[in-house]
>>> print(open('protein.txt').read())   # compact mmCIF, C-alpha atoms and all ligand atoms
# COMPACT_ATOMS: atom_id res chain seq x y z
CA MET A 24 -10.05 9.75 27.04
CA THR A 25 -9.58 12.47 24.43
CA GLN A 26 -7.08 11.59 21.72
CA ASN A 27 -4.95 14.27 20.13
CA HIS A 28 -4.52 13.97 16.39
CA ASP A 29 -1.94 15.22 13.95
CA ASN A 30 -4.28 17.30 11.77
CA ALA A 31 -2.34 16.53 8.59
CA THR A 32 -2.65 12.76 8.93
CA GLY A 33 -5.31 11.84 11.50
CA VAL A 34 -2.71 9.82 13.42
CA SER A 35 -3.39 10.12 17.15
CA ASN A 36 -0.56 10.70 19.60
CA THR A 37 -1.10 7.22 21.03
CA ASP A 38 -0.96 5.48 17.64
CA VAL A 39 2.23 3.61 16.80
CA VAL A 40 3.62 3.82 13.26
CA ARG A 41 6.21 1.12 12.67
CA THR A 42 7.53 -1.76 10.59
CA ALA A 43 5.30 -4.86 10.77
CA THR A 44 6.20 -7.85 12.94
CA GLU A 45 4.89 -11.43 12.88
CA ASP A 46 2.34 -10.49 15.56
CA ASP A 47 0.74 -8.12 13.05
CA VAL A 48 0.07 -10.80 10.42
CA PRO A 49 -3.50 -11.60 11.61
CA GLY A 50 -4.34 -7.87 11.66
CA ILE A 51 -2.94 -7.36 8.15
CA GLN A 52 -4.78 -10.46 6.94
CA ALA A 53 -8.06 -9.24 8.45
CA LEU A 54 -7.79 -5.94 6.55
CA LEU A 55 -6.78 -7.75 3.37
CA ASN A 56 -9.55 -10.35 3.60
CA HIS A 57 -12.10 -7.56 4.03
CA TYR A 58 -10.95 -5.59 0.97
CA ALA A 59 -10.20 -8.66 -1.17
CA ALA A 60 -13.77 -9.88 -0.58
CA MET A 61 -15.02 -6.51 -1.84
CA GLY A 62 -12.75 -6.76 -4.91
CA ASN A 63 -10.75 -3.65 -3.96
CA LEU A 64 -7.48 -5.52 -3.46
CA LEU A 65 -5.97 -8.77 -4.63
CA PRO A 66 -5.86 -11.56 -2.04
CA ARG A 67 -2.44 -12.62 -0.71
CA THR A 68 -1.42 -15.75 1.11
CA LYS A 69 -0.23 -15.69 4.70
CA SER A 70 3.21 -16.91 3.60
CA ASP A 71 3.46 -14.15 1.02
CA ILE A 72 2.69 -11.54 3.70
CA ILE A 73 5.22 -13.09 6.08
CA LYS A 74 7.89 -13.10 3.36
CA GLN A 75 7.34 -9.38 2.76
CA LEU A 76 6.85 -8.33 6.43
CA SER A 77 9.98 -6.19 6.64
CA HIS A 78 8.56 -4.10 3.76
CA PHE A 79 5.26 -3.41 5.55
CA ARG A 80 4.56 -0.27 7.57
CA VAL A 81 1.59 -0.44 9.93
CA ILE A 82 -0.33 1.92 12.19
CA ALA A 83 -1.34 0.24 15.45
CA ARG A 84 -4.04 1.71 17.69
CA ASP A 85 -4.76 0.03 21.03
CA SER A 86 -2.83 -2.97 19.65
CA ALA A 87 -5.13 -3.31 16.59
CA ILE A 88 -3.73 -2.78 13.08
CA ILE A 89 -5.80 0.08 11.65
CA ALA A 90 -3.76 0.79 8.50
CA CYS A 91 -0.90 -0.71 6.54
CA GLY A 92 0.94 -0.79 3.24
CA SER A 93 4.08 -2.28 1.82
CA LEU A 94 6.87 -1.13 -0.48
CA GLU A 95 8.22 -4.01 -2.55
CA ASN A 96 11.11 -3.64 -4.99
CA PHE A 97 11.11 -5.04 -8.53
CA THR A 98 14.53 -3.66 -9.30
CA PRO A 99 16.84 -1.46 -7.23
CA GLU A 100 15.25 1.59 -8.88
CA LEU A 101 11.57 0.54 -9.14
CA ALA A 102 9.28 -0.32 -6.22
CA GLU A 103 5.55 -0.90 -5.85
CA ILE A 104 3.14 0.14 -3.12
CA ARG A 105 1.02 -2.91 -2.28
CA SER A 106 -1.65 -3.86 0.22
CA LEU A 107 -2.38 -0.25 1.13
CA MET A 108 -5.43 -0.34 3.41
CA VAL A 109 -7.14 1.61 6.15
CA ASN A 110 -9.79 0.13 8.43
CA GLU A 111 -13.17 0.77 6.78
CA THR A 112 -14.52 2.63 9.85
CA ILE A 113 -11.74 5.24 9.83
CA LYS A 114 -11.18 5.85 6.14
CA GLY A 115 -10.84 9.49 5.12
CA ALA A 116 -9.02 10.59 8.29
CA GLY A 117 -5.54 10.88 6.76
CA LEU A 118 -4.17 7.45 7.71
CA GLY A 119 -3.74 6.40 4.06
CA ARG A 120 -1.77 9.59 3.46
CA LYS A 121 0.42 8.78 6.50
CA ILE A 122 1.19 5.24 5.27
CA VAL A 123 2.07 6.51 1.77
CA ALA A 124 4.35 9.17 3.29
CA GLU A 125 6.10 6.45 5.31
CA LEU A 126 6.53 4.24 2.23
CA LEU A 127 7.87 7.13 0.14
CA ALA A 128 10.37 7.93 2.91
CA LEU A 129 11.42 4.28 2.85
CA ALA A 130 11.82 4.51 -0.94
CA GLU A 131 14.07 7.57 -0.52
CA GLN A 132 16.18 5.68 2.04
CA ARG A 133 16.54 2.78 -0.40
CA GLU A 134 17.41 5.21 -3.21
CA VAL A 135 14.49 3.96 -5.28
CA LYS A 136 13.87 6.27 -8.24
CA ARG A 137 10.29 5.29 -9.19
CA VAL A 138 7.36 4.15 -7.04
CA MET A 139 4.31 2.68 -8.76
CA ALA A 140 0.99 1.13 -7.80
CA LEU A 141 -1.86 -0.65 -9.55
CA THR A 142 -5.08 0.69 -8.12
CA TYR A 143 -8.82 1.31 -8.34
CA VAL A 144 -8.39 4.64 -6.52
CA PRO A 145 -6.16 6.73 -8.81
CA GLY A 146 -7.73 9.90 -7.36
CA PHE A 147 -6.20 9.11 -3.96
CA PHE A 148 -2.76 8.56 -5.49
CA HIS A 149 -3.03 11.79 -7.50
CA LYS A 150 -3.43 13.58 -4.17
CA MET A 151 -0.18 11.91 -3.09
CA GLY A 152 1.68 13.29 -6.14
CA PHE A 153 1.39 10.24 -8.41
CA GLU A 154 0.37 10.44 -12.09
CA THR A 155 -1.59 7.92 -14.13
CA VAL A 156 0.62 6.05 -16.62
CA ASP A 157 0.38 3.18 -19.11
CA LYS A 158 0.85 -0.23 -17.43
CA ASP A 159 3.10 -1.31 -20.27
CA ILE A 160 5.94 0.83 -18.95
CA PHE A 161 6.37 -1.75 -16.14
CA PRO A 162 7.41 -4.96 -17.89
CA GLU A 163 9.03 -6.05 -14.57
CA LYS A 164 5.59 -6.09 -12.96
CA ILE A 165 3.57 -7.38 -15.90
CA TRP A 166 5.81 -10.32 -16.75
CA GLY A 167 7.12 -11.01 -13.25
CA ILE A 168 3.92 -10.85 -11.16
CA CYS A 169 0.77 -9.95 -13.11
CA VAL A 170 1.24 -12.92 -15.41
CA ASN A 171 0.42 -15.17 -12.43
CA CYS A 172 -2.67 -13.18 -11.41
CA TYR A 173 -6.20 -14.40 -12.08
CA LYS A 174 -6.99 -10.98 -13.58
CA PHE A 175 -4.07 -11.10 -16.04
CA ASN A 176 -6.20 -11.18 -19.20
CA ASN A 177 -8.81 -8.85 -17.83
CA CYS A 178 -7.00 -6.37 -15.60
CA ASP A 179 -8.93 -3.19 -14.94
CA GLU A 180 -6.55 -1.66 -12.39
CA ILE A 181 -4.96 1.70 -13.19
CA ALA A 182 -1.20 2.21 -13.04
CA VAL A 183 0.11 5.24 -11.15
CA LEU A 184 3.69 6.41 -10.81
CA LYS A 185 5.70 8.84 -8.72
CA LYS A 186 9.26 9.71 -9.64
CA LEU A 187 11.48 10.54 -6.67
C1 LIG A 201 -7.43 4.26 -0.47
C2 LIG A 201 -7.17 4.39 1.03
C3 LIG A 201 -5.88 3.67 1.41
C4 LIG A 201 -7.03 5.90 1.36
O1 LIG A 201 -6.79 6.06 2.74
P1 LIG A 201 -7.64 7.10 3.59
O2 LIG A 201 -7.10 7.15 4.95
O3 LIG A 201 -9.08 6.74 3.42
O4 LIG A 201 -7.36 8.46 2.78
P2 LIG A 201 -6.84 9.84 3.38
O5 LIG A 201 -7.80 10.30 4.41
O6 LIG A 201 -5.41 9.71 3.78
O7 LIG A 201 -6.98 10.77 2.10
C5 LIG A 201 -5.94 11.63 1.63
C6 LIG A 201 -6.53 12.45 0.48
O8 LIG A 201 -6.96 11.57 -0.57
C7 LIG A 201 -8.35 11.76 -0.84
N1 LIG A 201 -8.95 10.45 -1.09
C8 LIG A 201 -9.11 9.42 -0.22
N2 LIG A 201 -9.68 8.36 -0.82
C9 LIG A 201 -9.91 8.75 -2.10
C10 LIG A 201 -10.51 8.10 -3.22
N3 LIG A 201 -11.00 6.84 -3.13
N4 LIG A 201 -10.57 8.78 -4.38
C11 LIG A 201 -10.08 10.04 -4.48
N5 LIG A 201 -9.50 10.72 -3.44
C12 LIG A 201 -9.44 10.07 -2.28
C13 LIG A 201 -8.92 12.39 0.43
O9 LIG A 201 -10.07 13.14 0.15
C14 LIG A 201 -7.76 13.24 0.88
O10 LIG A 201 -7.73 14.43 0.12
P3 LIG A 201 -7.37 15.86 0.81
O11 LIG A 201 -5.96 15.73 1.29
O12 LIG A 201 -7.54 16.83 -0.30
O13 LIG A 201 -8.33 16.03 1.93
C15 LIG A 201 -8.37 3.82 1.87
O14 LIG A 201 -9.53 4.53 1.53
C16 LIG A 201 -8.58 2.32 1.69
O15 LIG A 201 -8.11 1.53 2.49
N6 LIG A 201 -9.36 1.94 0.65
C17 LIG A 201 -9.68 0.53 0.39
C18 LIG A 201 -8.49 -0.28 -0.06
C19 LIG A 201 -7.86 0.30 -1.30
O16 LIG A 201 -8.52 0.54 -2.31
N7 LIG A 201 -6.53 0.53 -1.23
C20 LIG A 201 -5.74 1.06 -2.34
C21 LIG A 201 -5.00 -0.08 -2.99
S1 LIG A 201 -3.87 0.45 -4.25
>>> encode(input="protein.txt", output="structure tokens", more="lines below")
Ligand SMILES: CC(C)(COP(=O)(O)OP(=O)(O)OC[C@H]1O[C@@H](n2cnc3c(N)ncnc32)[C@H](O)[C@@H]1OP(=O)(O)O)[C@@H](O)C(=O)NCCC(=O)NCCS
Amino acid sequence: MTQNHDNATGVSNTDVVRTATEDDVPGIQALLNHYAAMGNLLPRTKSDIIKQLSHFRVIARDSAIIACGSLENFTPELAEIRSLMVNETIKGAGLGRKIVAELLALAEQREVKRVMALTYVPGFFHKMGFETVDKDIFPEKIWGICVNCYKFNNCDEIAVLKKL
């Protein structure tokens, strides 16, 4: 069957873009395990994913999770994009852009003023309107979350920020 795609995002007209449910946890974990093993993303526990499920947006294709990302607040005005991932076999088709657009729309709804991410792909975020910034401007992240990370003393991720 031929699938029609939204040219801007690569999302086919049979794909479903929605908030994650508990049924999606294995699909999210599979993506995360893949990219964590490659060192692209930090691993997360199943219970951490479940706790944050209502903040995840996913794209489901034929009932498989092909892309996802979450928007998690530090403060009412500052949120972070986390666990942004697209299935390896369909990277570069606009699905990452679609997830970021969904998360930014969610940020607008929540009246968040700043959205940040720590990433190894700043070039992608620049395309989404983010700028590279100094990590130190996010003490909420550094002292609330990063301090517990195994990379804390040796973090090579780049901080990016978009003001809404
Ligand atoms: C990063 C990621 C989410 C991007 O999603 P994607 O679907 O592959 O990207 P898109 O097709 O939506 O790309 C949108 C734009 O960003 C550009 N882009 C994509 N990946 C890029 C990268 N690694 N570096 C620079 N630019 C990139 C594309 O060329 C495209 O530009 P265009 O609009 O000018 O054509 C995806 O590649 C991925 O899952 N990577 C592995 C996990 C990861 O690193 N996640 C980020 C965690 S913060």
>>> atom_distance(input="protein.txt", atom1="CA of Thr42 (chain A)", atom2="CA of Leu64 (chain A)")
20.9 Å
>>> axis_aligned_box(input="protein.txt", around="ligand LIG 201 (chain A)", padding_each_side="8 Å", output="AutoDock Vina command-line options")
--center_x -7.4 --center_y 8.3 --center_z 0.2 --size_x 23.1 --size_y 33.1 --size_z 25.4
>>> closest_residue(input="protein.txt", among="A:Leu54, A:Leu65, A:Glu134, A:Ile89", to="Lys174 (chain A)", atoms="all atoms listed in the file")
A:Leu65
>>> closest_atom_pairs(input="protein.txt", of="chain A", to="ligand LIG 201 (chain A)", cutoff="9 Å", atoms="all atoms listed in the file", output="JSON lines")
{"residue": "A:Ala31", "atom": "CA", "partner": "A:LIG201", "partner_atom": "O11", "distance": 8.2}
{"residue": "A:Thr32", "atom": "CA", "partner": "A:LIG201", "partner_atom": "O6", "distance": 6.6}
{"residue": "A:Gly33", "atom": "CA", "partner": "A:LIG201", "partner_atom": "O5", "distance": 7.7}
{"residue": "A:Leu54", "atom": "CA", "partner": "A:LIG201", "partner_atom": "O15", "distance": 8.5}
{"residue": "A:Leu55", "atom": "CA", "partner": "A:LIG201", "partner_atom": "C18", "distance": 8.4}
{"residue": "A:Tyr58", "atom": "CA", "partner": "A:LIG201", "partner_atom": "C18", "distance": 5.9}
{"residue": "A:Ala59", "atom": "CA", "partner": "A:LIG201", "partner_atom": "C18", "distance": 8.6}
{"residue": "A:Gly62", "atom": "CA", "partner": "A:LIG201", "partner_atom": "O16", "distance": 8.8}
{"residue": "A:Asn63", "atom": "CA", "partner": "A:LIG201", "partner_atom": "O16", "distance": 5.0}
{"residue": "A:Leu64", "atom": "CA", "partner": "A:LIG201", "partner_atom": "C21", "distance": 6.0}
{"residue": "A:Leu65", "atom": "CA", "partner": "A:LIG201", "partner_atom": "C21", "distance": 8.9}
{"residue": "A:Ala90", "atom": "CA", "partner": "A:LIG201", "partner_atom": "O15", "distance": 7.5}
{"residue": "A:Cys91", "atom": "CA", "partner": "A:LIG201", "partner_atom": "C3", "distance": 8.4}
{"residue": "A:Gly92", "atom": "CA", "partner": "A:LIG201", "partner_atom": "C3", "distance": 8.4}
{"residue": "A:Ile104", "atom": "CA", "partner": "A:LIG201", "partner_atom": "S1", "distance": 7.1}
{"residue": "A:Arg105", "atom": "CA", "partner": "A:LIG201", "partner_atom": "S1", "distance": 6.3}
{"residue": "A:Ser106", "atom": "CA", "partner": "A:LIG201", "partner_atom": "C21", "distance": 6.0}
{"residue": "A:Leu107", "atom": "CA", "partner": "A:LIG201", "partner_atom": "N7", "distance": 4.8}
{"residue": "A:Met108", "atom": "CA", "partner": "A:LIG201", "partner_atom": "O15", "distance": 3.4}
{"residue": "A:Val109", "atom": "CA", "partner": "A:LIG201", "partner_atom": "O15", "distance": 3.8}
{"residue": "A:Asn110", "atom": "CA", "partner": "A:LIG201", "partner_atom": "O15", "distance": 6.3}
{"residue": "A:Glu111", "atom": "CA", "partner": "A:LIG201", "partner_atom": "O15", "distance": 6.7}
{"residue": "A:Ile113", "atom": "CA", "partner": "A:LIG201", "partner_atom": "O2", "distance": 7.0}
{"residue": "A:Lys114", "atom": "CA", "partner": "A:LIG201", "partner_atom": "O3", "distance": 3.5}
{"residue": "A:Gly115", "atom": "CA", "partner": "A:LIG201", "partner_atom": "O5", "distance": 3.2}
{"residue": "A:Ala116", "atom": "CA", "partner": "A:LIG201", "partner_atom": "O5", "distance": 4.1}
{"residue": "A:Gly117", "atom": "CA", "partner": "A:LIG201", "partner_atom": "O6", "distance": 3.2}
{"residue": "A:Leu118", "atom": "CA", "partner": "A:LIG201", "partner_atom": "O2", "distance": 4.0}
{"residue": "A:Gly119", "atom": "CA", "partner": "A:LIG201", "partner_atom": "O1", "distance": 3.3}
{"residue": "A:Arg120", "atom": "CA", "partner": "A:LIG201", "partner_atom": "O6", "distance": 3.7}
{"residue": "A:Lys121", "atom": "CA", "partner": "A:LIG201", "partner_atom": "O6", "distance": 6.5}
{"residue": "A:Ile122", "atom": "CA", "partner": "A:LIG201", "partner_atom": "O6", "distance": 8.1}
{"residue": "A:Val123", "atom": "CA", "partner": "A:LIG201", "partner_atom": "O6", "distance": 8.4}
{"residue": "A:Ala140", "atom": "CA", "partner": "A:LIG201", "partner_atom": "S1", "distance": 6.1}
{"residue": "A:Leu141", "atom": "CA", "partner": "A:LIG201", "partner_atom": "S1", "distance": 5.8}
{"residue": "A:Thr142", "atom": "CA", "partner": "A:LIG201", "partner_atom": "S1", "distance": 4.1}
{"residue": "A:Tyr143", "atom": "CA", "partner": "A:LIG201", "partner_atom": "O16", "distance": 6.1}
{"residue": "A:Val144", "atom": "CA", "partner": "A:LIG201", "partner_atom": "N3", "distance": 4.8}
{"residue": "A:Pro145", "atom": "CA", "partner": "A:LIG201", "partner_atom": "N4", "distance": 6.6}
{"residue": "A:Gly146", "atom": "CA", "partner": "A:LIG201", "partner_atom": "C11", "distance": 3.7}
{"residue": "A:Phe147", "atom": "CA", "partner": "A:LIG201", "partner_atom": "N5", "distance": 3.7}
{"residue": "A:Phe148", "atom": "CA", "partner": "A:LIG201", "partner_atom": "O8", "distance": 7.1}
{"residue": "A:His149", "atom": "CA", "partner": "A:LIG201", "partner_atom": "N5", "distance": 7.7}
{"residue": "A:Lys150", "atom": "CA", "partner": "A:LIG201", "partner_atom": "O8", "distance": 5.4}
{"residue": "A:Met151", "atom": "CA", "partner": "A:LIG201", "partner_atom": "O8", "distance": 7.2}
{"residue": "A:Glu180", "atom": "CA", "partner": "A:LIG201", "partner_atom": "S1", "distance": 8.8}
>>> atom_distance(input="protein.txt", atom1="CA of Pro99 (chain A)", atom2="CA of Phe175 (chain A)")
24.7 Å
>>> atom_distance(input="protein.txt", atom1="CA of Leu101 (chain A)", atom2="CA of Ala128 (chain A)")
14.2 Å
>>> closest_residue(input="protein.txt", among="A:Asp159, A:Glu131, A:Glu45, A:Glu103", to="Lys74 (chain A)", atoms="all atoms listed in the file")
A:Glu45
>>> closest_residue(input="protein.txt", among="A:Ala182, A:Ile82, A:Cys172, A:Leu76", to="Lys158 (chain A)", atoms="all atoms listed in the file")
A:Ala182
